[in-house]
Amino acid sequence: MLSTFVRNTFHRIWLLFPSKIRLFVYHRLIAIGLRLYGETTSSRTFRLPFNLYAKFGKNIRMSEAEVMRFISKKTTIPVPSVIDSIKVPTGAFIVMSKLPGRTVRDGLNFMTPNEKALFTRDLGKCLQQLHAITAPDSRVSAFGGGPFQDYRIDHDGKLGPFATEDQFHESLYGYFLPEKWPHMKELARDVHGTPHRLCLTHNDLSPTNILIENNRLSGLIDWECAAWLPEYWEYTKSMYLRTEYKEWVEVMKLAHPQIYQREYELEFEFWGISYPW
């Protein structure tokens with residue numbers, strides 16, 4: 001208890017220091033971390049001493065820190081603890097705790113059926129909690145209500161916010177040639193004409209954003225794309241560019257409370273003609 005008290009007290013005092021001083025120290029820790037641990041797989045993420053990570057650069061925003069704080073308070077989903085978040089010219093500089101485990105990547109290929117079932121159940125419980133958090137209004141937006149990032153739609157730009165789900169769906173047509181619009185709108189009429197529940201989504205579930213330890217889920221990371229979206233989008237987005245990873249597809253189908261087959265089939269058609277780059 002004493003060590004926790006001392007650590008929390010030091011943390012509160014540290015946050016009283018000017019942001020310039022804190023950033024200076026964090027950049028020194030990044031330099032030390034590069035010598036100790038080398039580079040990570042992301043040019044925007046750096047491992048630091050003291051079991052910490054720093055994240056900053058293009059498309060890193062304060063909303064990522066906000067959503068991790070919110071989820072850690074409202075759910076039991078294992079997410080990094082946010083130590084500090086500072087506004088910088090590129091968006092945000094976030095310092096967070098290191099979670100145990102390694103990324104799933106191709107680890108599903110080496111799990112036994114029982115291990116895979118336990119992992120799927122772990123992920124399903126996380127998604128159930130996350131999607132139970134309904135949107136505060138009709139907007140499709142980032143957690144804080146502003147623009148959000150979605151690499152399925154646009155790799156470089158910010159999206160929205162959109163006043164309604166219909167406006168969000170309409171925006172999707174801007175990423176392929178206009179001569180395709182009539183056919184795709186006819187194809188999408190039933191699916192896009194059906195209202196979907198808006199809820200909080202991770203919006204970038206991938207084998208590199210899920211951690212496992214002893215083949216059990218130990219963390220969900222990289223929340224930069226988190227947004228209030230139609231619930232089906234979490235499922236279809238998780239399949240994007242991964243339909244050949246059969247074990248992943250199987251886990252996603254079992255982990256999601258509801259399989260949106262019609263929505264997936266429509267999205268598959270969009271993927272074939274959309275150009276997010």
# chains A, B, ... in the order shown; residues from 1 in each chain; ligands from 1
$ select_by_dssp --residues "range 171-221 of chain A" --states "strand (DSSP E or B)" --output "tab-separated table (two decimals) with N, CA, C and O atoms, in the first residue's frame"
chain	number	residue	atom	x	y	z
A	198	LEU	N	-25.43	2.42	-32.69
A	198	LEU	CA	-24.11	3.06	-32.60
A	198	LEU	C	-23.51	2.78	-31.23
A	198	LEU	O	-24.17	2.94	-30.20
A	199	CYS	N	-22.27	2.35	-31.23
A	199	CYS	CA	-21.62	2.01	-29.96
A	199	CYS	C	-20.14	2.32	-30.05
A	199	CYS	O	-19.61	2.70	-31.11
A	200	LEU	N	-19.46	2.19	-28.93
A	200	LEU	CA	-18.02	2.43	-28.89
A	200	LEU	C	-17.30	1.24	-29.51
A	200	LEU	O	-17.59	0.09	-29.19
A	201	THR	N	-16.38	1.53	-30.43
A	201	THR	CA	-15.63	0.47	-31.10
A	201	THR	C	-14.13	0.75	-31.02
A	201	THR	O	-13.71	1.91	-30.98
A	210	ILE	N	-3.67	-7.00	-30.49
A	210	ILE	CA	-4.16	-7.84	-29.40
A	210	ILE	C	-2.96	-8.58	-28.80
A	210	ILE	O	-2.18	-9.19	-29.53
A	211	LEU	N	-2.82	-8.48	-27.48
A	211	LEU	CA	-1.72	-9.14	-26.79
A	211	LEU	C	-2.19	-10.42	-26.13
A	211	LEU	O	-3.33	-10.52	-25.66
A	212	ILE	N	-1.30	-11.41	-26.10
A	212	ILE	CA	-1.59	-12.66	-25.40
A	212	ILE	C	-0.42	-13.01	-24.50
A	212	ILE	O	0.74	-12.71	-24.78
A	213	GLU	N	-0.75	-13.64	-23.39
A	213	GLU	CA	0.25	-14.19	-22.47
A	213	GLU	C	-0.22	-15.58	-22.08
A	213	GLU	O	-1.34	-15.75	-21.61
A	216	ARG	N	-3.58	-16.57	-23.47
A	216	ARG	CA	-4.79	-15.89	-23.02
A	216	ARG	C	-4.66	-14.40	-23.32
A	216	ARG	O	-3.57	-13.84	-23.27
A	217	LEU	N	-5.77	-13.77	-23.62
A	217	LEU	CA	-5.74	-12.35	-23.96
A	217	LEU	C	-5.23	-11.54	-22.77
A	217	LEU	O	-5.75	-11.65	-21.66
A	218	SER	N	-4.22	-10.69	-23.02
A	218	SER	CA	-3.65	-9.89	-21.93
A	218	SER	C	-3.74	-8.39	-22.21
A	218	SER	O	-3.38	-7.59	-21.35
A	219	GLY	N	-4.21	-8.00	-23.39
A	219	GLY	CA	-4.34	-6.58	-23.65
A	219	GLY	C	-4.89	-6.25	-25.03
A	219	GLY	O	-4.67	-7.00	-25.99
A	220	LEU	N	-5.61	-5.15	-25.10
A	220	LEU	CA	-6.00	-4.54	-26.38
A	220	LEU	C	-5.29	-3.20	-26.45
A	220	LEU	O	-5.43	-2.37	-25.55
$ select_by_dssp --residues "range 19-87 of chain A" --states "alpha helix (DSSP H)" --output "ChimeraX atom specification"
/A:19-37,62-74
$ write_last_selection --atoms "N, CA and C atoms" --output "compact mmCIF listing (two decimals), in the first residue's frame"
# COMPACT_ATOMS: atom_id res chain seq x y z
N SER A 19 4.65 21.20 -19.16
CA SER A 19 4.68 20.16 -20.18
C SER A 19 6.02 20.13 -20.92
N LYS A 20 6.67 21.29 -21.07
CA LYS A 20 7.96 21.32 -21.76
C LYS A 20 9.01 20.50 -21.02
N ILE A 21 8.98 20.59 -19.69
CA ILE A 21 9.94 19.81 -18.89
C ILE A 21 9.62 18.33 -19.01
N ARG A 22 8.34 17.98 -18.92
CA ARG A 22 7.95 16.57 -19.01
C ARG A 22 8.33 16.00 -20.38
N LEU A 23 8.09 16.76 -21.44
CA LEU A 23 8.44 16.29 -22.78
C LEU A 23 9.95 16.11 -22.92
N PHE A 24 10.71 17.03 -22.34
CA PHE A 24 12.18 16.91 -22.39
C PHE A 24 12.62 15.60 -21.75
N VAL A 25 12.07 15.29 -20.58
CA VAL A 25 12.43 14.05 -19.88
C VAL A 25 12.00 12.84 -20.69
N TYR A 26 10.79 12.88 -21.25
CA TYR A 26 10.30 11.74 -22.03
C TYR A 26 11.18 11.48 -23.25
N HIS A 27 11.64 12.53 -23.90
CA HIS A 27 12.51 12.34 -25.07
C HIS A 27 13.87 11.78 -24.66
N ARG A 28 14.33 12.15 -23.48
CA ARG A 28 15.58 11.55 -22.98
C ARG A 28 15.35 10.05 -22.70
N LEU A 29 14.18 9.72 -22.16
CA LEU A 29 13.88 8.31 -21.91
C LEU A 29 13.73 7.53 -23.20
N ILE A 30 13.22 8.17 -24.24
CA ILE A 30 13.13 7.51 -25.54
C ILE A 30 14.53 7.16 -26.05
N ALA A 31 15.46 8.10 -25.92
CA ALA A 31 16.84 7.86 -26.35
C ALA A 31 17.45 6.68 -25.59
N ILE A 32 17.19 6.63 -24.27
CA ILE A 32 17.70 5.51 -23.47
C ILE A 32 17.02 4.21 -23.91
N GLY A 33 15.70 4.28 -24.13
CA GLY A 33 14.97 3.09 -24.54
C GLY A 33 15.43 2.54 -25.87
N LEU A 34 15.78 3.40 -26.80
CA LEU A 34 16.28 2.94 -28.10
C LEU A 34 17.59 2.18 -27.94
N ARG A 35 18.42 2.63 -27.02
CA ARG A 35 19.68 1.93 -26.77
C ARG A 35 19.45 0.59 -26.08
N LEU A 36 18.47 0.57 -25.17
CA LEU A 36 18.23 -0.66 -24.41
C LEU A 36 17.41 -1.70 -25.17
N TYR A 37 16.37 -1.23 -25.87
CA TYR A 37 15.39 -2.15 -26.45
C TYR A 37 15.33 -2.12 -27.97
N MET A 62 -5.33 13.34 -28.78
CA MET A 62 -5.67 13.26 -27.37
C MET A 62 -6.82 12.30 -27.11
N SER A 63 -7.69 12.11 -28.10
CA SER A 63 -8.83 11.22 -27.92
C SER A 63 -8.40 9.79 -27.63
N GLU A 64 -7.21 9.39 -28.10
CA GLU A 64 -6.73 8.03 -27.82
C GLU A 64 -6.48 7.86 -26.32
N ALA A 65 -5.86 8.85 -25.71
CA ALA A 65 -5.63 8.80 -24.26
C ALA A 65 -6.96 8.85 -23.51
N GLU A 66 -7.87 9.69 -23.98
CA GLU A 66 -9.17 9.84 -23.32
C GLU A 66 -9.96 8.53 -23.34
N VAL A 67 -9.95 7.84 -24.47
CA VAL A 67 -10.74 6.62 -24.56
C VAL A 67 -10.12 5.51 -23.71
N MET A 68 -8.80 5.45 -23.61
CA MET A 68 -8.17 4.43 -22.76
C MET A 68 -8.49 4.68 -21.29
N ARG A 69 -8.46 5.94 -20.88
CA ARG A 69 -8.84 6.26 -19.49
C ARG A 69 -10.29 5.86 -19.22
N PHE A 70 -11.16 6.18 -20.16
CA PHE A 70 -12.58 5.87 -20.01
C PHE A 70 -12.80 4.37 -19.91
N ILE A 71 -12.18 3.60 -20.78
CA ILE A 71 -12.38 2.15 -20.80
C ILE A 71 -11.84 1.50 -19.53
N SER A 72 -10.70 2.00 -19.05
CA SER A 72 -10.13 1.42 -17.83
C SER A 72 -11.03 1.65 -16.62
N LYS A 73 -11.82 2.73 -16.65
CA LYS A 73 -12.73 3.02 -15.54
C LYS A 73 -14.05 2.27 -15.66
N LYS A 74 -14.54 2.11 -16.88
CA LYS A 74 -15.89 1.60 -17.09
C LYS A 74 -15.95 0.10 -17.39
$ residues_around --residues "Pro136 in chain A" --least-positions-apart "6" --cutoff "12 Å" --atoms "only C-alpha atoms" --output "MDAnalysis selection string"
chainID A and resid 142:145 197:200 227:229
$ atom_distance --atom1 "CA of Gly107 in chain A" --atom2 "CA of Asn215 in chain A"
8.2 Å
$ closest_atom_pairs --of "range 71-179 of chain A" --to "range 232-235 of chain A" --cutoff "12 Å" --atoms "only C-alpha atoms" --output "Markdown table"
| residue | atom | partner | partner_atom | distance |
| --- | --- | --- | --- | --- |
| A:Gly124 | CA | A:Tyr235 | CA | 11.6 |
| A:Leu127 | CA | A:Glu234 | CA | 9.2 |
| A:Gln128 | CA | A:Glu234 | CA | 11.6 |
| A:Leu130 | CA | A:Glu234 | CA | 10.6 |
| A:His131 | CA | A:Glu234 | CA | 9.2 |
| A:Val140 | CA | A:Trp233 | CA | 11.3 |
| A:Asp150 | CA | A:Trp233 | CA | 10.7 |
| A:Arg152 | CA | A:Trp233 | CA | 10.4 |
| A:Ile153 | CA | A:Trp233 | CA | 11.7 |
| A:Glu165 | CA | A:Trp233 | CA | 11.3 |
| A:Phe168 | CA | A:Trp233 | CA | 11.4 |
| A:His169 | CA | A:Trp233 | CA | 11.1 |
$ closest_residue --among "A:Val191, A:Ile60, A:Leu205, A:Met111" --to "Val88 in chain A" --atoms "only C-alpha atoms"
A:Ile60
$ decode --residues "range 42-191 of chain A" --atoms "C-alpha atoms" --output "compact mmCIF listing (two decimals), in the first residue's frame"
# COMPACT_ATOMS: atom_id res chain seq x y z
CA SER A 42 5.91 1.27 -35.30
CA SER A 43 7.70 4.53 -36.08
CA ARG A 44 5.31 6.29 -33.67
CA THR A 45 5.74 4.02 -30.64
CA PHE A 46 8.78 3.82 -28.38
CA ARG A 47 9.57 1.57 -25.45
CA LEU A 48 10.89 3.42 -22.40
CA PRO A 49 12.51 2.28 -19.15
CA PHE A 50 10.21 1.63 -16.17
CA ASN A 51 7.81 -0.56 -18.23
CA LEU A 52 6.46 2.40 -20.17
CA TYR A 53 5.72 3.23 -23.79
CA ALA A 54 5.55 6.61 -25.52
CA LYS A 55 3.42 7.24 -28.58
CA PHE A 56 3.38 10.34 -30.75
CA GLY A 57 3.39 11.39 -34.39
CA LYS A 58 0.99 11.60 -37.29
CA ASN A 59 -2.67 10.78 -36.43
CA ILE A 60 -1.96 10.40 -32.70
CA ARG A 61 -4.58 12.50 -30.91
CA MET A 62 -5.67 13.26 -27.37
CA SER A 63 -8.83 11.22 -27.92
CA GLU A 64 -6.73 8.03 -27.82
CA ALA A 65 -5.63 8.80 -24.26
CA GLU A 66 -9.17 9.84 -23.32
CA VAL A 67 -10.74 6.62 -24.56
CA MET A 68 -8.17 4.43 -22.76
CA ARG A 69 -8.84 6.26 -19.49
CA PHE A 70 -12.58 5.87 -20.01
CA ILE A 71 -12.38 2.15 -20.80
CA SER A 72 -10.13 1.42 -17.83
CA LYS A 73 -12.73 3.02 -15.54
CA LYS A 74 -15.89 1.60 -17.09
CA THR A 75 -14.83 -1.94 -18.06
CA THR A 76 -12.46 -4.76 -17.20
CA ILE A 77 -10.90 -4.70 -20.68
CA PRO A 78 -7.09 -4.77 -20.27
CA VAL A 79 -5.83 -1.51 -21.79
CA PRO A 80 -2.62 0.45 -21.11
CA SER A 81 -2.79 2.86 -18.17
CA VAL A 82 -2.28 6.42 -19.39
CA ILE A 83 0.53 8.03 -17.41
CA ASP A 84 0.56 11.34 -19.25
CA SER A 85 -0.91 12.97 -22.35
CA ILE A 86 0.34 16.26 -23.73
CA LYS A 87 -0.88 18.31 -26.68
CA VAL A 88 1.89 18.80 -29.24
CA PRO A 89 1.92 20.28 -32.78
CA THR A 90 1.43 16.84 -34.36
CA GLY A 91 -1.53 16.05 -32.08
CA ALA A 92 -0.68 14.28 -28.83
CA PHE A 93 2.25 12.80 -26.94
CA ILE A 94 1.02 9.87 -24.85
CA VAL A 95 2.93 7.96 -22.18
CA MET A 96 1.36 4.69 -21.06
CA SER A 97 2.11 1.50 -19.20
CA LYS A 98 3.49 -1.61 -20.86
CA LEU A 99 1.07 -4.54 -20.80
CA PRO A 100 2.30 -8.13 -20.43
CA GLY A 101 2.43 -10.50 -23.37
CA ARG A 102 3.13 -10.44 -27.09
CA THR A 103 0.99 -9.69 -30.12
CA VAL A 104 -1.14 -12.47 -31.54
CA ARG A 105 0.27 -12.09 -35.09
CA ASP A 106 0.38 -15.67 -36.37
CA GLY A 107 0.06 -17.14 -32.87
CA LEU A 108 -3.42 -18.49 -33.58
CA ASN A 109 -1.83 -21.05 -35.90
CA PHE A 110 -0.01 -22.61 -32.98
CA MET A 111 -2.83 -22.71 -30.40
CA THR A 112 -4.56 -25.92 -29.52
CA PRO A 113 -8.34 -25.98 -30.07
CA ASN A 114 -8.86 -25.49 -26.33
CA GLU A 115 -6.41 -22.57 -26.16
CA LYS A 116 -8.06 -20.94 -29.14
CA ALA A 117 -11.49 -21.36 -27.55
CA LEU A 118 -10.29 -19.68 -24.34
CA PHE A 119 -8.71 -16.83 -26.26
CA THR A 120 -11.89 -16.37 -28.30
CA ARG A 121 -13.95 -16.27 -25.11
CA ASP A 122 -11.61 -13.65 -23.63
CA LEU A 123 -11.94 -11.47 -26.71
CA GLY A 124 -15.71 -11.96 -26.83
CA LYS A 125 -16.06 -10.72 -23.25
CA CYS A 126 -14.03 -7.61 -24.11
CA LEU A 127 -16.13 -6.84 -27.17
CA GLN A 128 -19.35 -7.42 -25.26
CA GLN A 129 -18.33 -4.83 -22.66
CA LEU A 130 -17.06 -2.37 -25.25
CA HIS A 131 -20.12 -2.54 -27.49
CA ALA A 132 -22.46 -2.27 -24.51
CA ILE A 133 -21.35 1.38 -24.30
CA THR A 134 -23.85 3.09 -26.55
CA ALA A 135 -23.18 6.35 -28.37
CA PRO A 136 -24.26 9.54 -26.56
CA ASP A 137 -26.11 10.78 -29.66
CA SER A 138 -26.64 10.02 -33.35
CA ARG A 139 -23.18 11.11 -34.47
CA VAL A 140 -20.53 8.86 -36.01
CA SER A 141 -17.37 10.37 -34.57
CA ALA A 142 -14.24 9.91 -32.52
CA PHE A 143 -14.64 9.22 -28.81
CA GLY A 144 -14.47 12.93 -28.00
CA GLY A 145 -16.96 13.84 -30.73
CA GLY A 146 -14.48 15.07 -33.32
CA PRO A 147 -12.99 13.59 -36.50
CA PHE A 148 -11.74 10.00 -36.37
CA GLN A 149 -9.23 7.83 -38.17
CA ASP A 150 -10.13 4.73 -40.18
CA TYR A 151 -7.51 3.01 -42.33
CA ARG A 152 -10.15 1.05 -44.23
CA ILE A 153 -11.55 4.34 -45.60
CA ASP A 154 -8.67 6.82 -45.70
CA HIS A 155 -5.08 6.15 -44.65
CA ASP A 156 -4.11 9.79 -44.32
CA GLY A 157 -7.17 11.93 -43.67
CA LYS A 158 -9.55 12.58 -40.82
CA LEU A 159 -13.16 11.48 -41.17
CA GLY A 160 -16.31 13.19 -39.95
CA PRO A 161 -17.79 13.73 -37.59
CA PHE A 162 -21.02 12.69 -39.31
CA ALA A 163 -24.38 13.76 -37.92
CA THR A 164 -25.98 10.38 -38.66
CA GLU A 165 -25.20 6.84 -39.78
CA ASP A 166 -26.70 7.72 -43.17
CA GLN A 167 -24.20 10.53 -43.64
CA PHE A 168 -21.38 8.17 -42.71
CA HIS A 169 -22.53 5.64 -45.28
CA GLU A 170 -22.89 8.34 -47.93
CA SER A 171 -19.28 9.43 -47.34
CA LEU A 172 -18.02 5.98 -48.38
CA TYR A 173 -18.85 6.69 -52.02
CA GLY A 174 -16.22 9.41 -52.18
CA TYR A 175 -13.43 6.83 -52.28
CA PHE A 176 -14.12 5.26 -55.66
CA LEU A 177 -15.02 6.40 -59.15
CA PRO A 178 -18.43 8.12 -59.61
CA GLU A 179 -19.42 5.74 -62.42
CA LYS A 180 -19.53 2.98 -59.79
CA TRP A 181 -21.99 4.88 -57.56
CA PRO A 182 -25.33 3.78 -59.11
CA HIS A 183 -24.46 0.09 -58.95
CA MET A 184 -23.03 0.28 -55.43
CA LYS A 185 -25.92 2.35 -54.08
CA GLU A 186 -28.37 -0.20 -55.42
CA LEU A 187 -26.29 -3.01 -53.90
CA ALA A 188 -26.14 -1.18 -50.54
CA ARG A 189 -29.78 -0.06 -50.44
CA ASP A 190 -31.04 -2.69 -47.98
CA VAL A 191 -27.98 -2.81 -45.72
